[in-house]
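A.B. asks: Can you keep this structure in mind? I'll have questions shortly.
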Amino acid sequence: MKIAMILDNPLNPDNRVEKEAESLAKAGHEVTILCKIANDLPLEEIRNGYKVKRVFRYNLGTSVLVEKYLLAHFDLMNSVNEKYDVYHCHDTETWPIGYILSQTDNAKFICDSHEYFPDYIIKKNYNDENKYKASKVLIDIRGNYIKYADAVITVTDTIAEKLYYEYKLNEKPTALYNTKPFKNRVNKKVNLLREEFGIEKNKHIIFFQGNIDYSRGLEYIIESLKYIESDALFMFAGNCSEEYLRELTDFAKKYNVEEKIKYLGFLDNGKLLEYTASADILVYYPRDMVQNMKYTIPNKFFDYVFASKPIIVRDFDVYKEFINKYDFGFTCANLNDIAEKIDLLLKDKNLYIKKVNNSIGSQVDLSWEKQEEKLVELYSKL
């Protein structure tokens with residue numbers, strides 16, 4: 001099949017989209033990704049068996065800049081000079097134009113939802129109430145195109161279930177986890193964090209990696225430090241604004257734990273999994289702000305799994321499903337629970353080793369290769 005994937009960013013990078021494209025190309029399909037132009041990237045290139053064409057300068061999903069919105073769509077439509085069998089459209093911004101193009105070519109239309117789009121816009125991120133409301137309305141309008149899809153893909157079984165019933169879809173969406181190839185696992189002993197940042201051997205490292213903002217809930221981990229009896233240091237890495245970093249530092253000072261936190265900045269992505277694997281415990285405790293937080297699983301969760309270390313996460317059902325099945329960590333309900341579970345892991349060596357082994361044991365089942373099988377099967381049924 002000739003597949004056109006539509007993406008509202010320059011693919012710099014977008015690991016999920018790249019993995020899907022590579023998997024489909026490997027299965028014998030001809031894949032082209034149509035995406036946004038970036039000044040520092042070529043207009044056309046070939047990566048791992050698929051083509052990338054950067055064809056529109058403005059975002060398809062802009063909420064208020066009508067002129068740029070139209071220009072982006074015209075640029076995309078004018079760039080399509082061949083017929084495709086499938087339009088595989090990533091996130092709601094691309095669904096209306098993808099549907100139109102699929103109708104023009106009498107092609108199949110796939111909606112790929114990387115979020116729980118009915119409720120993922122965080123109001124706190126908007127300074128303008130009208131822009132927030134406009135974004136919500138546009139997402140609702142774009143989201144309705146899911147009803148016309150020949151197939152739907154999303155990121156968790158929970159979202160698949162909810163979209164199936166909420167939009168009365170003919171078939172349940174296919175859940176492809178944002179996970180890693182099996183070969184990328186790290187199950188050997190590494191000490192990058194201690195070696196590069198001068199951390200003593202006897203100090204335990206609690207680690208978070210990823211974008212750092214209010215929604216990620218780092219304050220919960222920082223406050224829990226005052227209850228942790230073990231000698232532990234909370235290290236966190238990723239993009240973080242100077243303003244928010246000051247807020248986190250002030251928050252740590254408020255609870256007299258400023259000496260127990262360390263911000264590492266943005267780490268080399270090529271070595272990120274090894275950095276992650278050199279921690280003792282991996283944490284993620286997002287805020288309960290929108291339903292998307294409860295239903296999606298971020299890339300970092302599977303990074304944690306493939307780093308082969310125990311995981312502490314919030315007690316959302318989507319995490320409980322994995323923790324209960326594979327037993328590679330704990331879900332926690334509050335600050336005291338976080339501290340108790342961290343101390344339990346650090347004080348009970350046998351329990352700690354059990355969680356590590358369970359994490360290693362889950363990696364085949366949770367690998368990208370397993371997701372690839374589901375993706376290829378979906379295409380075989382179109």
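Naming scheme: A, B, ... for chains in displayed order of the structure tokens; residues 1 onward per chain; ligands 1 onward as shown.
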Compile the contact shell of Asp315 in chain A as JSON, numbers by chain: residues with an atom at most 10 Å away, counting only C-alpha atoms, same-chain residues fewer than 2 positions apart removed.
C.D. replies: {"A": [285, 286, 294, 312, 313, 317, 318, 319, 320, 321, 323, 330, 331, 332, 333, 334]}
A.B. asks: Could you pull out the residues in range 11-183 of chain A that DSSP calls strand (DSSP E or B) from the backbone, as a ChimeraX atom specification?
C.D. replies: /A:30-36,44-47,50-56,86-90,108-113,151-154,174-175
A.B. asks: For the selection just defined, write its residues with N, CA and C atoms to a file, as a CSV table (one decimal), in the first residue's frame.
C.D. replies:
```csv
chain,number,residue,atom,x,y,z
A,30,GLU,N,4.8,1.4,1.1
A,30,GLU,CA,5.5,2.6,0.7
A,30,GLU,C,5.0,3.8,1.5
A,31,VAL,N,5.8,4.3,2.4
A,31,VAL,CA,5.3,5.2,3.4
A,31,VAL,C,6.0,6.6,3.1
A,32,THR,N,5.1,7.6,3.1
A,32,THR,CA,5.6,9.0,3.0
A,32,THR,C,5.0,9.8,4.2
A,33,ILE,N,5.8,10.5,4.9
A,33,ILE,CA,5.3,11.4,6.0
A,33,ILE,C,5.3,12.8,5.4
A,34,LEU,N,4.1,13.4,5.5
A,34,LEU,CA,3.9,14.8,5.0
A,34,LEU,C,3.8,15.6,6.3
A,35,CYS,N,4.7,16.6,6.5
A,35,CYS,CA,4.8,17.3,7.8
A,35,CYS,C,5.2,18.7,7.6
A,36,LYS,N,5.4,19.4,8.7
A,36,LYS,CA,5.7,20.8,8.8
A,36,LYS,C,7.2,21.1,8.4
A,44,GLU,N,13.0,17.4,1.8
A,44,GLU,CA,12.8,15.9,1.6
A,44,GLU,C,14.0,15.1,2.0
A,45,GLU,N,13.7,13.9,2.6
A,45,GLU,CA,14.7,13.0,3.0
A,45,GLU,C,14.2,11.6,3.1
A,46,ILE,N,15.1,10.7,3.1
A,46,ILE,CA,14.7,9.3,3.3
A,46,ILE,C,15.3,8.8,4.6
A,47,ARG,N,14.4,8.2,5.4
A,47,ARG,CA,14.9,7.6,6.7
A,47,ARG,C,14.4,6.2,6.9
A,50,TYR,N,11.5,4.9,4.7
A,50,TYR,CA,10.3,5.8,4.4
A,50,TYR,C,10.8,7.2,4.0
A,51,LYS,N,9.9,7.9,3.3
A,51,LYS,CA,10.2,9.2,2.8
A,51,LYS,C,9.6,10.2,3.8
A,52,VAL,N,10.3,11.4,3.9
A,52,VAL,CA,9.8,12.5,4.7
A,52,VAL,C,9.7,13.7,3.7
A,53,LYS,N,8.5,14.3,3.6
A,53,LYS,CA,8.4,15.5,2.8
A,53,LYS,C,7.8,16.6,3.8
A,54,ARG,N,8.6,17.7,3.9
A,54,ARG,CA,8.1,18.8,4.7
A,54,ARG,C,7.5,19.9,3.8
A,55,VAL,N,6.2,20.1,3.9
A,55,VAL,CA,5.5,20.8,2.9
A,55,VAL,C,4.6,22.0,3.3
A,56,PHE,N,4.4,22.2,4.6
A,56,PHE,CA,3.7,23.4,5.0
A,56,PHE,C,4.4,24.1,6.1
A,86,VAL,N,-3.8,5.0,1.6
A,86,VAL,CA,-4.2,5.3,3.0
A,86,VAL,C,-3.7,6.6,3.4
A,87,TYR,N,-4.5,7.4,4.1
A,87,TYR,CA,-4.1,8.6,4.8
A,87,TYR,C,-4.1,8.3,6.3
A,88,HIS,N,-2.9,8.2,6.9
A,88,HIS,CA,-2.7,7.9,8.3
A,88,HIS,C,-2.4,9.2,9.1
A,89,CYS,N,-3.4,9.6,9.8
A,89,CYS,CA,-3.3,11.0,10.3
A,89,CYS,C,-3.1,11.1,11.8
A,90,HIS,N,-2.0,11.7,12.2
A,90,HIS,CA,-1.6,11.7,13.6
A,90,HIS,C,-2.2,12.9,14.4
A,108,LYS,N,-8.3,4.9,2.2
A,108,LYS,CA,-8.6,4.6,3.6
A,108,LYS,C,-8.2,5.7,4.5
A,109,PHE,N,-8.9,5.9,5.6
A,109,PHE,CA,-8.6,7.1,6.5
A,109,PHE,C,-8.4,6.5,7.9
A,110,ILE,N,-7.2,6.7,8.4
A,110,ILE,CA,-6.8,6.2,9.8
A,110,ILE,C,-6.6,7.4,10.7
A,111,CYS,N,-7.3,7.4,11.8
A,111,CYS,CA,-7.1,8.4,12.9
A,111,CYS,C,-6.2,7.8,13.9
A,112,ASP,N,-5.0,8.4,14.2
A,112,ASP,CA,-4.1,8.0,15.2
A,112,ASP,C,-4.1,9.0,16.3
A,113,SER,N,-4.6,8.7,17.5
A,113,SER,CA,-4.7,9.6,18.6
A,113,SER,C,-3.7,9.4,19.6
A,151,ALA,N,-10.1,3.0,10.4
A,151,ALA,CA,-9.4,2.3,11.6
A,151,ALA,C,-8.9,3.4,12.5
A,152,VAL,N,-8.9,3.1,13.8
A,152,VAL,CA,-8.4,4.1,14.8
A,152,VAL,C,-7.3,3.4,15.6
A,153,ILE,N,-6.3,4.2,15.8
A,153,ILE,CA,-5.1,3.8,16.7
A,153,ILE,C,-5.0,4.8,17.8
A,154,THR,N,-4.6,4.2,19.0
A,154,THR,CA,-4.3,5.1,20.1
A,154,THR,C,-3.2,4.5,21.0
A,174,THR,N,-7.2,0.2,18.0
A,174,THR,CA,-6.0,-0.6,18.3
A,174,THR,C,-5.0,0.2,19.2
A,175,ALA,N,-4.6,-0.3,20.3
A,175,ALA,CA,-3.7,0.4,21.2
A,175,ALA,C,-2.3,0.0,20.9
```
A.B. asks: Using only C-alpha atoms, which protein or nucleic acid residues come within 12 Å of Pro173 in chain A? Drop anything in the same chain fewer than 2 positions from it, and give the result as number ranges by chain.
C.D. replies: A: 110-113, 146-147, 149-171, 175-176, 374-375, 378
A.B. asks: Can you spit out the residues from that selection as a CSV table (one decimal), in the first residue's frame, using C-alpha atoms?
C.D. replies:
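The result, stored in selection_35.csv:
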```
chain,number,residue,atom,x,y,z
A,110,ILE,CA,-6.8,6.2,9.8
A,111,CYS,CA,-7.1,8.4,12.9
A,112,ASP,CA,-4.1,8.0,15.2
A,113,SER,CA,-4.7,9.6,18.6
A,146,ILE,CA,-12.9,9.9,14.2
A,147,LYS,CA,-16.4,8.7,13.3
A,149,ALA,CA,-12.2,6.6,10.2
A,150,ASP,CA,-11.7,3.1,8.6
A,151,ALA,CA,-9.4,2.3,11.6
A,152,VAL,CA,-8.4,4.1,14.8
A,153,ILE,CA,-5.1,3.8,16.7
A,154,THR,CA,-4.3,5.1,20.1
A,155,VAL,CA,-1.8,4.7,22.9
A,156,THR,CA,-3.5,2.8,25.7
A,157,ASP,CA,-6.2,0.2,26.1
A,158,THR,CA,-8.1,2.6,28.4
A,159,ILE,CA,-8.4,5.3,25.7
A,160,ALA,CA,-9.3,2.7,23.1
A,161,GLU,CA,-12.2,1.5,25.3
A,162,LYS,CA,-13.4,5.0,26.0
A,163,LEU,CA,-13.2,6.3,22.4
A,164,TYR,CA,-15.0,3.1,21.2
A,165,TYR,CA,-18.0,3.8,23.4
A,166,GLU,CA,-18.0,7.6,23.4
A,167,TYR,CA,-18.0,7.9,19.6
A,168,LYS,CA,-19.9,4.7,18.9
A,169,LEU,CA,-17.2,3.4,16.7
A,170,ASN,CA,-17.7,0.2,14.6
A,171,GLU,CA,-14.6,-1.4,15.9
A,175,ALA,CA,-3.7,0.4,21.2
A,176,LEU,CA,0.0,0.8,20.3
A,374,LYS,CA,-0.6,-5.2,16.0
A,375,LEU,CA,0.1,-2.3,13.5
A,378,LEU,CA,-4.4,-3.7,11.3
```
A.B. asks: Leaving out Phe306 in chain A and any residue of its chain fewer than 5 positions from it, which residues lie within 9 Å of it when counting only C-alpha atoms, given as JSON, numbers by chain?
C.D. replies: {"A": [179, 180, 182, 184, 185, 186, 187, 273, 277, 301, 359, 360, 362, 363, 367]}
A.B. asks: Using CA of Thr276 in chain A and CA of Asn125 in chain A as the two end points, give the distance in Å to one decimal.
C.D. replies: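 CA of Thr276 in chain A sits 28.1 Å away from CA of Asn125 in chain A.
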A.B. asks: What's the 12 Å shell around Asp250 in chain A, counting only C-alpha atoms, without same-chain residues fewer than 5 positions away, as an MDAnalysis selection string?
C.D. replies: chainID A and resid 219 222:223 243:245 255:259 261
A.B. asks: With only C-alpha atoms as the counted atoms, please give the residues lying no more than 12 Å from Asp268 in chain A, apart from itself and same-chain residues fewer than 2 positions off, as a ChimeraX atom specification.
C.D. replies: /A:192,209-210,237-239,264-266,270-276
A.B. asks: To one decimal place in Å, what is the distance between CA of Val305 in chain A and CA of Leu345 in chain A?
C.D. replies: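 Between these atoms lies a distance of 16.1 Å.
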A.B. asks: Quick one, how far is CA of Met235 in chain A from CA of Phe207 in chain A?
C.D. replies: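 Atom-to-atom, CA of Met235 in chain A and CA of Phe207 in chain A are spaced 5.0 Å apart.
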